[in-house]
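Listing of coords03.txt, compact mmCIF, C-alpha atoms
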```
# COMPACT_ATOMS: atom_id res chain seq x y z
CA MET R 1 -35.55 26.54 2.83
CA PRO R 2 -35.45 27.14 6.62
CA SER R 3 -34.40 24.12 8.69
CA THR R 4 -37.05 22.03 10.42
CA PRO R 5 -35.72 22.86 13.94
CA TYR R 6 -36.10 26.59 13.11
CA LEU R 7 -39.67 26.04 11.88
CA VAL R 8 -40.51 24.12 15.06
CA ALA R 9 -38.97 26.91 17.18
CA VAL R 10 -41.11 29.51 15.35
CA LEU R 11 -44.23 27.42 16.02
CA ALA R 12 -43.33 27.12 19.73
CA VAL R 13 -42.75 30.88 20.12
CA VAL R 14 -45.95 31.72 18.26
CA PHE R 15 -48.05 29.20 20.21
CA SER R 16 -46.89 30.30 23.67
CA LEU R 17 -47.19 34.05 22.99
CA THR R 18 -50.60 34.00 21.27
CA LEU R 19 -52.00 31.81 24.05
CA ALA R 20 -50.47 34.02 26.78
CA LEU R 21 -51.97 37.18 25.23
CA ARG R 22 -55.39 35.52 25.28
CA ALA R 23 -55.13 33.89 28.72
CA VAL R 24 -53.27 36.30 31.03
CA PRO R 25 -55.96 39.03 30.98
CA PHE R 26 -58.57 36.53 32.19
CA ALA R 27 -56.32 35.60 35.13
CA VAL R 28 -55.97 39.28 36.07
CA LEU R 29 -59.68 40.03 35.52
CA GLY R 30 -60.67 37.12 37.77
CA ARG R 31 -59.70 39.23 40.76
CA LEU R 32 -61.47 42.33 39.44
CA ARG R 33 -64.75 40.61 38.50
CA GLY R 34 -67.78 42.49 39.70
CA SER R 35 -65.92 45.79 40.04
CA ALA R 36 -67.64 48.83 38.53
CA ILE R 37 -64.87 49.38 35.99
CA VAL R 38 -64.95 45.84 34.56
CA ARG R 39 -68.77 45.89 34.50
CA ARG R 40 -68.88 49.19 32.60
CA LEU R 41 -66.11 48.23 30.15
CA SER R 42 -67.79 44.90 29.36
CA VAL R 43 -70.94 46.82 28.35
CA TRP R 44 -69.19 49.65 26.52
CA MET R 45 -66.50 47.77 24.63
CA PRO R 46 -68.12 45.29 22.20
CA VAL R 47 -69.85 47.67 19.78
CA GLY R 48 -66.80 49.96 19.68
CA ILE R 49 -64.33 47.11 19.11
CA LEU R 50 -66.54 45.77 16.30
CA ALA R 51 -66.68 49.20 14.67
CA ILE R 52 -62.86 49.49 14.90
CA LEU R 53 -62.43 46.00 13.38
CA ALA R 54 -64.82 46.93 10.54
CA VAL R 55 -62.96 50.14 9.69
CA THR R 56 -59.47 48.60 9.89
CA ALA R 57 -60.57 45.59 7.79
CA LEU R 58 -61.86 48.05 5.16
CA HIS R 59 -58.54 49.89 5.38
CA THR R 60 -56.62 46.61 4.82
CA THR R 61 -58.79 45.81 1.78
CA VAL R 62 -58.26 49.25 0.27
CA THR R 63 -54.51 49.19 1.00
CA ALA R 64 -54.21 45.88 -0.90
CA GLU R 65 -56.03 47.40 -3.93
CA PRO R 66 -55.62 51.20 -3.80
CA GLY R 67 -57.68 51.71 -6.97
CA ALA R 68 -60.68 49.86 -5.56
CA LEU R 69 -61.80 52.32 -2.87
CA GLY R 70 -65.04 53.06 -4.77
CA TYR R 71 -65.83 49.35 -5.22
CA ALA R 72 -65.14 48.70 -1.53
CA LEU R 73 -67.42 51.53 -0.37
CA LEU R 74 -70.15 50.38 -2.76
CA ALA R 75 -69.81 46.81 -1.44
CA VAL R 76 -70.05 48.07 2.17
CA ALA R 77 -73.24 49.96 1.23
CA VAL R 78 -74.67 46.81 -0.41
CA THR R 79 -73.74 44.77 2.68
CA ILE R 80 -75.49 47.21 5.04
CA GLY R 81 -78.52 47.61 2.76
CA VAL R 82 -79.03 43.87 2.29
CA HIS R 83 -78.54 43.27 6.00
CA LEU R 84 -81.19 45.79 7.07
CA LEU R 85 -83.65 44.86 4.29
CA SER R 86 -83.27 41.07 4.61
CA GLY R 87 -84.08 40.96 8.31
CA ARG R 88 -80.44 40.74 9.40
CA ARG R 89 -79.54 37.50 7.64
CA THR R 90 -75.77 37.66 8.08
CA ILE R 91 -74.78 35.02 5.54
CA LEU R 92 -76.87 36.71 2.84
CA SER R 93 -75.50 40.21 3.51
CA VAL R 94 -71.84 39.12 3.91
CA GLY R 95 -72.10 36.81 0.86
CA LEU R 96 -73.73 39.40 -1.43
CA GLY R 97 -71.46 42.23 -0.27
CA THR R 98 -68.36 40.11 -0.88
CA ALA R 99 -69.68 38.91 -4.25
CA VAL R 100 -70.22 42.53 -5.36
CA TYR R 101 -66.65 43.45 -4.40
CA VAL R 102 -65.02 40.37 -5.97
CA VAL R 103 -66.98 40.73 -9.23
CA LEU R 104 -66.26 44.47 -9.54
CA LEU R 105 -62.56 43.97 -8.72
CA ASN R 106 -61.97 41.05 -11.11
CA ALA R 107 -64.34 41.88 -13.97
CA LEU R 108 -63.85 45.64 -14.41
CA MET B 1 -78.04 34.53 14.38
CA THR B 2 -81.38 36.21 14.00
CA ALA B 3 -83.43 33.39 15.54
CA PRO B 4 -85.52 35.14 18.20
CA ALA B 5 -86.16 32.02 20.31
CA VAL B 6 -83.52 31.16 22.90
CA PRO B 7 -82.09 27.69 22.09
CA ALA B 8 -83.02 25.44 25.02
CA THR B 9 -81.41 22.01 24.74
CA ARG B 10 -77.70 21.29 24.43
CA ARG B 11 -78.27 19.99 20.91
CA GLN B 12 -80.14 23.16 19.86
CA ARG B 13 -77.42 25.34 21.38
CA THR B 14 -74.69 23.45 19.54
CA ALA B 15 -76.67 23.77 16.30
CA ALA B 16 -77.11 27.50 16.92
CA GLY B 17 -73.36 27.83 17.44
CA ILE B 18 -72.63 26.08 14.16
CA ARG B 19 -75.15 28.36 12.41
CA ASP B 20 -73.38 31.38 14.00
CA SER B 21 -70.10 30.14 12.51
CA PHE B 22 -71.32 30.10 8.88
CA SER B 23 -71.04 33.86 8.37
CA ALA B 24 -67.58 33.93 9.96
CA GLY B 25 -66.61 30.96 7.81
CA LEU B 26 -67.24 33.02 4.65
CA GLY B 27 -64.25 35.11 5.67
CA ILE B 28 -62.13 32.47 7.42
CA PHE B 29 -62.18 29.72 4.78
CA PRO B 30 -60.99 31.82 1.79
CA LEU B 31 -58.33 33.43 4.00
CA GLY B 32 -57.15 29.92 4.95
CA ILE B 33 -56.84 29.06 1.26
CA ALA B 34 -54.78 32.22 0.76
CA LEU B 35 -52.50 31.16 3.64
CA GLY B 36 -51.94 27.69 2.15
CA LEU B 37 -51.08 29.21 -1.26
CA LEU B 38 -48.72 31.71 0.35
CA VAL B 39 -46.86 29.06 2.36
CA LEU B 40 -46.09 27.07 -0.81
CA GLN B 41 -45.15 30.21 -2.77
CA ALA B 42 -42.71 31.17 0.00
CA GLY B 43 -40.96 27.81 -0.40
CA LEU B 44 -42.01 26.43 3.00
CA PRO B 45 -43.08 22.78 3.48
CA TRP B 46 -46.84 22.13 3.17
CA TRP B 47 -47.17 20.87 6.78
CA PHE B 48 -46.18 24.31 8.05
CA THR B 49 -49.68 25.55 7.03
CA PRO B 50 -51.75 23.35 9.38
CA ALA B 51 -49.03 23.51 12.07
CA LEU B 52 -49.06 27.34 12.02
CA SER B 53 -52.86 27.46 11.87
CA VAL B 54 -53.19 25.27 14.96
CA SER B 55 -50.38 26.88 16.98
CA ALA B 56 -51.26 30.53 16.29
CA PHE B 57 -54.93 30.41 15.18
CA ALA B 58 -54.77 34.10 14.21
CA GLY B 59 -55.35 34.98 10.55
CA SER B 60 -53.58 38.27 9.93
CA LEU B 61 -50.62 37.28 12.15
CA GLU B 62 -50.09 34.03 10.25
CA LEU B 63 -50.10 35.76 6.86
CA LEU B 64 -47.37 38.07 8.21
CA LEU B 65 -45.33 35.24 9.71
CA VAL B 66 -45.10 33.26 6.45
CA GLY B 67 -42.78 35.84 4.87
CA MET B 68 -40.78 36.29 8.08
CA THR B 69 -40.30 32.53 8.49
CA ALA B 70 -39.25 32.04 4.87
CA ALA B 71 -36.59 34.76 5.43
CA VAL B 72 -35.37 32.95 8.61
CA THR B 73 -36.08 36.04 10.75
CA PRO B 74 -34.53 35.83 14.28
CA LEU B 75 -36.91 34.35 16.85
CA ALA B 76 -36.81 37.55 18.94
CA ALA B 77 -38.21 39.53 16.00
CA VAL B 78 -40.87 36.86 15.48
CA ALA B 79 -41.80 37.16 19.18
CA LEU B 80 -42.04 40.96 19.01
CA THR B 81 -44.27 40.76 15.92
CA VAL B 82 -46.61 38.33 17.68
CA LEU B 83 -46.83 40.61 20.73
CA VAL B 84 -47.62 43.75 18.71
CA VAL B 85 -50.02 42.23 16.17
CA ASN B 86 -52.00 40.15 18.67
CA PHE B 87 -51.91 42.53 21.63
CA ARG B 88 -55.55 43.44 20.85
CA HIS B 89 -56.68 40.11 22.32
CA VAL B 90 -55.83 41.50 25.77
CA PHE B 91 -58.85 43.82 25.45
CA TYR B 92 -61.30 41.08 24.49
CA ALA B 93 -61.15 39.53 27.97
CA PHE B 94 -63.33 42.33 29.38
CA SER B 95 -66.39 41.27 27.43
CA PHE B 96 -65.77 37.68 26.32
CA PRO B 97 -68.26 35.46 28.25
CA LEU B 98 -65.70 32.92 29.51
CA HIS B 99 -67.70 32.58 32.76
CA LEU B 100 -70.34 30.61 30.81
CA VAL B 101 -67.84 27.78 30.24
CA ARG B 102 -67.41 25.56 33.32
CA HIS B 103 -65.31 22.56 32.26
CA PRO B 104 -61.56 23.33 32.63
CA VAL B 105 -60.59 21.78 29.29
CA ALA B 106 -63.43 23.55 27.49
CA LYS B 107 -62.46 26.81 29.23
CA ALA B 108 -58.84 26.43 28.07
CA TYR B 109 -60.04 25.76 24.52
CA ALA B 110 -62.37 28.79 24.57
CA VAL B 111 -59.42 31.01 25.55
CA TYR B 112 -57.06 29.46 22.98
CA ALA B 113 -59.69 29.83 20.22
CA MET B 114 -60.68 33.44 21.07
CA ILE B 115 -60.07 34.81 17.57
CA ASP B 116 -61.43 38.14 16.27
CA GLU B 117 -64.32 36.45 14.48
CA ALA B 118 -65.31 34.38 17.53
CA TYR B 119 -65.22 37.46 19.74
CA ALA B 120 -67.19 39.46 17.18
CA VAL B 121 -69.90 36.87 16.44
CA ASN B 122 -70.45 36.34 20.14
CA ALA B 123 -70.45 40.06 20.99
CA SER B 124 -73.31 40.67 18.55
CA LEU B 125 -75.55 38.12 20.34
CA PRO B 126 -77.92 39.26 23.13
CA ALA B 127 -76.62 38.03 26.51
CA ALA B 128 -79.64 35.76 27.02
CA GLN B 129 -78.85 33.80 23.85
CA ARG B 130 -75.27 32.98 24.82
CA SER B 131 -74.29 29.59 26.22
CA ALA B 132 -71.20 27.42 26.57
CA PRO B 133 -72.23 24.81 23.92
CA ARG B 134 -73.12 27.57 21.44
CA LEU B 135 -69.83 29.41 22.00
CA LEU B 136 -67.65 26.27 21.81
CA ALA B 137 -69.43 24.86 18.75
CA MET B 138 -68.89 28.17 16.95
CA GLN B 139 -65.20 28.27 17.93
CA ILE B 140 -64.53 24.65 16.92
CA ALA B 141 -66.29 25.22 13.58
CA CYS B 142 -64.15 28.33 12.97
CA GLU B 143 -60.97 26.34 13.59
CA VAL B 144 -62.16 23.61 11.21
CA TYR B 145 -62.75 26.28 8.50
CA TRP B 146 -59.34 27.83 9.15
CA VAL B 147 -57.28 24.62 9.16
CA GLY B 148 -59.41 23.13 6.36
CA GLY B 149 -59.02 26.26 4.24
CA GLY B 150 -55.25 26.08 4.72
CA LEU B 151 -55.16 22.46 3.58
CA VAL B 152 -57.31 23.27 0.53
CA GLY B 153 -54.91 26.14 -0.25
CA VAL B 154 -51.93 23.78 -0.06
CA ALA B 155 -53.72 21.31 -2.36
CA LEU B 156 -54.66 24.06 -4.82
CA GLY B 157 -51.14 25.51 -4.68
CA ALA B 158 -49.88 23.92 -7.85
CA ALA B 159 -53.17 23.82 -9.77
CA LEU B 160 -54.38 27.44 -9.51
CA PRO B 161 -52.63 29.98 -11.77
CA ALA B 162 -53.68 32.99 -9.67
CA PRO B 163 -55.91 33.20 -6.59
CA VAL B 164 -59.22 35.08 -6.88
CA LYS B 165 -58.60 38.63 -5.71
CA GLY B 166 -60.76 40.43 -3.17
CA LEU B 167 -62.11 37.52 -1.12
CA GLU B 168 -60.65 39.13 2.02
CA PHE B 169 -63.48 41.68 1.77
CA ALA B 170 -65.66 39.04 3.50
CA LEU B 171 -63.95 39.95 6.78
CA CYS B 172 -64.80 43.62 6.32
CA ALA B 173 -68.43 42.77 5.47
CA LEU B 174 -68.68 40.45 8.48
CA PHE B 175 -67.39 43.04 10.96
CA THR B 176 -69.70 45.67 9.41
CA VAL B 177 -72.89 43.62 9.91
CA LEU B 178 -71.79 42.51 13.39
CA THR B 179 -71.37 46.18 14.33
CA LEU B 180 -74.94 46.79 13.10
CA ASP B 181 -76.19 43.84 15.19
CA ALA B 182 -74.36 45.01 18.33
CA PHE B 183 -75.84 48.49 17.91
CA ARG B 184 -79.15 47.83 19.68
CA SER B 185 -80.10 51.20 21.14
CA ARG B 186 -79.11 54.84 21.52
CA ARG B 187 -77.09 53.81 24.57
CA GLU B 188 -74.41 52.51 22.18
CA ILE B 189 -73.87 55.91 20.51
CA PRO B 190 -71.12 57.19 22.90
CA SER B 191 -69.07 53.99 22.42
CA VAL B 192 -69.40 54.19 18.63
CA LEU B 193 -68.36 57.85 18.59
CA LEU B 194 -65.31 57.19 20.79
CA ALA B 195 -64.37 54.17 18.63
CA GLY B 196 -64.80 56.28 15.47
CA ALA B 197 -62.54 59.01 16.84
CA SER B 198 -59.93 56.42 17.92
CA VAL B 199 -59.79 54.63 14.58
CA THR B 200 -59.67 57.91 12.62
CA VAL B 201 -56.71 59.20 14.63
CA ALA B 202 -55.01 55.78 14.45
CA LEU B 203 -55.35 55.58 10.65
CA VAL B 204 -53.89 59.07 10.23
CA LEU B 205 -51.02 58.74 12.72
CA THR B 206 -50.08 55.02 12.54
CA PRO B 207 -51.64 53.43 9.41
CA GLY B 208 -49.29 50.43 9.70
CA VAL B 209 -50.55 49.37 13.12
CA ALA B 210 -53.94 51.12 13.06
CA LEU B 211 -55.86 48.32 14.81
CA PHE B 212 -53.42 48.25 17.74
CA THR B 213 -53.37 52.05 18.17
CA ALA B 214 -57.13 52.39 17.78
CA LEU B 215 -57.88 49.75 20.44
CA LEU B 216 -55.37 51.33 22.83
CA MET B 217 -56.93 54.80 22.35
CA PHE B 218 -60.47 53.42 22.60
CA VAL B 219 -59.70 51.74 25.93
CA GLY B 220 -58.03 54.94 27.17
CA LEU B 221 -61.13 56.97 26.24
CA LEU B 222 -63.43 54.42 27.92
CA LEU B 223 -61.34 54.63 31.10
CA ALA B 224 -61.76 58.42 31.00
CA ARG B 225 -65.51 57.90 30.49
CA HIS B 226 -65.52 55.54 33.47
CA ALA B 227 -63.74 58.14 35.62
CA ARG B 228 -66.37 60.71 34.59
CA ALA B 229 -69.26 58.32 35.30
CA ALA B 230 -67.75 57.45 38.71
CA ARG B 231 -67.72 61.15 39.64
CA ARG B 232 -71.46 61.37 38.95
CA PRO B 233 -72.86 58.52 41.05
CA ALA B 234 -76.35 60.05 41.11
CA GLU B 235 -76.85 59.78 37.35
CA ASP B 236 -75.24 56.36 37.29
CA ALA B 237 -77.62 55.07 39.96
CA ARG B 238 -80.65 56.03 37.88
CA ARG B 239 -79.93 53.40 35.23
CA PRO B 240 -77.95 50.59 36.81
CA ALA B 241 -80.33 47.87 35.65
CA LYS B 242 -79.98 48.81 31.98
CA GLU B 243 -76.22 49.28 32.24
CA THR B 244 -75.67 45.80 33.62
CA ALA B 245 -78.35 44.03 31.60
CA ASP B 246 -75.95 42.98 28.85
CA ALA B 247 -72.93 42.42 31.06
```
If you took the structure in this file and wrote it as structure tokens, what would it be?
Amino acid sequence: MPSTPYLVAVLAVVFSLTLALRAVPFAVLGRLRGSAIVRRLSVWMPVGILAILAVTALHTTVTAEPGALGYALLAVAVTIGVHLLSGRRTILSVGLGTAVYVVLLNAL
Amino acid sequence: MTAPAVPATRRQRTAAGIRDSFSAGLGIFPLGIALGLLVLQAGLPWWFTPALSVSAFAGSLELLLVGMTAAVTPLAAVALTVLVVNFRHVFYAFSFPLHLVRHPVAKAYAVYAMIDEAYAVNASLPAAQRSAPRLLAMQIACEVYWVGGGLVGVALGAALPAPVKGLEFALCALFTVLTLDAFRSRREIPSVLLAGASVTVALVLTPGVALFTALLMFVGLLLARHARAARRPAEDARRPAKETADA
């Protein structure tokens, strides 16, 4: 088992770097606030970043279970369908979509 | 998240933030359990789970670090992994509404707790519905789910023969519906197309670090789009109100 000082050192490295990656951009952006480029990017970025997160999360799921691509795509379709038909109730659509995937993966 | 009325009082805003967190919690809590199980399986002490969850507060990074820590990987390699895997957070600053949060301590917490799910849940809200209490309540709730899930995982460690497979799909489902919610009009189509092109190329060329490559390409394409828009000031001037409405 790794020594406790090593574990504490890992925690210190991880804490300072994750916080720096989150904080430094805000310090830089503070001086750019109100500029056309920051204004445009803040409007353009969210939907694209969300789409990228959705696709890469699907990719991670499928990589973990290569045989389950069909189940995953079906579960995505269920998630989208429930979301649009239920009046965008996120907990319902995420819960049902996940349930479909977990049941198909474990039961079949 | 779908409540049409704008929460008015501090109490209502906090309650709205906690409601926002429920859908994210469906993904965060099971992943926390998986982390706690993994830490014990790797032969690390149980307290490393909450300590890692609080110090990093980044799901996919922590799952990676468990194996590296158990193998006593040099700290420089740990540092490089953190920089590569979490570099995406650099891009969130452009559209994360930190300006809503006034108190310095609350501001520092909002930055520390800017995880993918918190960014995503907030990005899918209309600008008028956002507020500091709502944002902070959602972030604190997410951290409670994450640390709590880890502790449950540690407790389950010995009892459970095999973890339930496939629960991580909740993250995929969450990001999918949040994309739908952020897609409010035809104005979003160019961004979605550029993001789609970026992620496709990234998955083909660098499947191991697809998220990192895709975000880098997406930002590059948006900068090119900005340069193009800046060269056509006439067209830009015709719709400034709509462009800045959500900013």
For region 25-40 of chain B: contacts at 6 Å, only C-alpha atoms, fewer than 6 positions along chain excluded, given as number ranges by chain: B: 49, 145-146, 149-150, 152-154, 157, 170-171
Proximity to chain B - best of R:Leu19, R:Ala107, R:Val82, R:Val62, all atoms listed in the file: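 Counting all atoms listed in the file, the residue closest to chain B is R:Leu19.
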12 Å contact set for Val201 (chain B), all atoms listed in the file, chain neighbours under 3 positions out, as a list of chain:residue names: R:Ile52, R:Thr56, B:Leu194, B:Ala195, B:Gly196, B:Ala197, B:Ser198, B:Val204, B:Leu205, B:Thr206, B:Pro207, B:Val209, B:Ala210, B:Leu211, B:Phe212, B:Thr213, B:Ala214, B:Leu215, B:Leu216, B:Met217, B:Phe218
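Of the residues under consideration (R:Leu73, R:Val43, R:Thr60, R:Val103), R:Val43 shows the shortest atom-to-atom contact distance to chain B when counting all atoms listed in the file.
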Phe48 (chain B) environment, 8 Å, only C-alpha atoms, sequence neighbours closer than 4 positions dropped, as a PDB file with C-alpha atoms, in the coordinates of the input:
```pdb
ATOM      1  CA  LEU R   7     -39.670  26.040  11.880  1.00  0.00           C
TER       2      LEU R   7
ATOM      3  CA  VAL B  39     -46.860  29.060   2.360  1.00  0.00           C
ATOM      4  CA  LEU B  44     -42.010  26.430   3.000  1.00  0.00           C
ATOM      5  CA  LEU B  52     -49.060  27.340  12.020  1.00  0.00           C
TER       6      LEU B  52
END
```
Atomic distance CA of Pro133 (chain B) - CA of Ser21 (chain B), expressed in Å with one decimal: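 Computed distance, CA of Pro133 (chain B) to CA of Ser21 (chain B), equals 12.8 Å.
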Separation of CA of Phe57 (chain B) from CA of Ala141 (chain B) in Å: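 Interatomic distance here is 12.6 Å.
Rounded to one decimal, CA of Arg232 (chain B) and CA of Ala93 (chain B) lie 26.5 Å from each other.
For the residues B:Glu143, B:Glu188, B:Glu117, B:Asp20, ranking by smallest atom-to-atom distance to Ala54 (chain R) using all atoms listed in the file places B:Glu117 first.
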Expected answer as a ChimeraX atom specification: chain R residues within 7 Å of chain B, all atoms listed in the file: /R:1-2,10-11,13-15,17-19,21-23,25-26,37-39,41-44,46-48,50-54,56-58,61,76,79-80,83,88-91,94,97-98,101-102,105-106
Distance query Leu104 (chain R) at most 10 Å, only C-alpha atoms, self and fewer than 5 positions along chain excluded, as a PyMOL selection string: (chain R and resi 68+70-72+74-75+98-99) or (chain B and resi 166)
Of the listed residues R:Arg31, R:Val78, R:Leu108, R:Leu69, that which approaches Leu96 (chain R) most closely, counting all atoms listed in the file: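 With all atoms listed in the file as the atom set, the closest residue is R:Val78.
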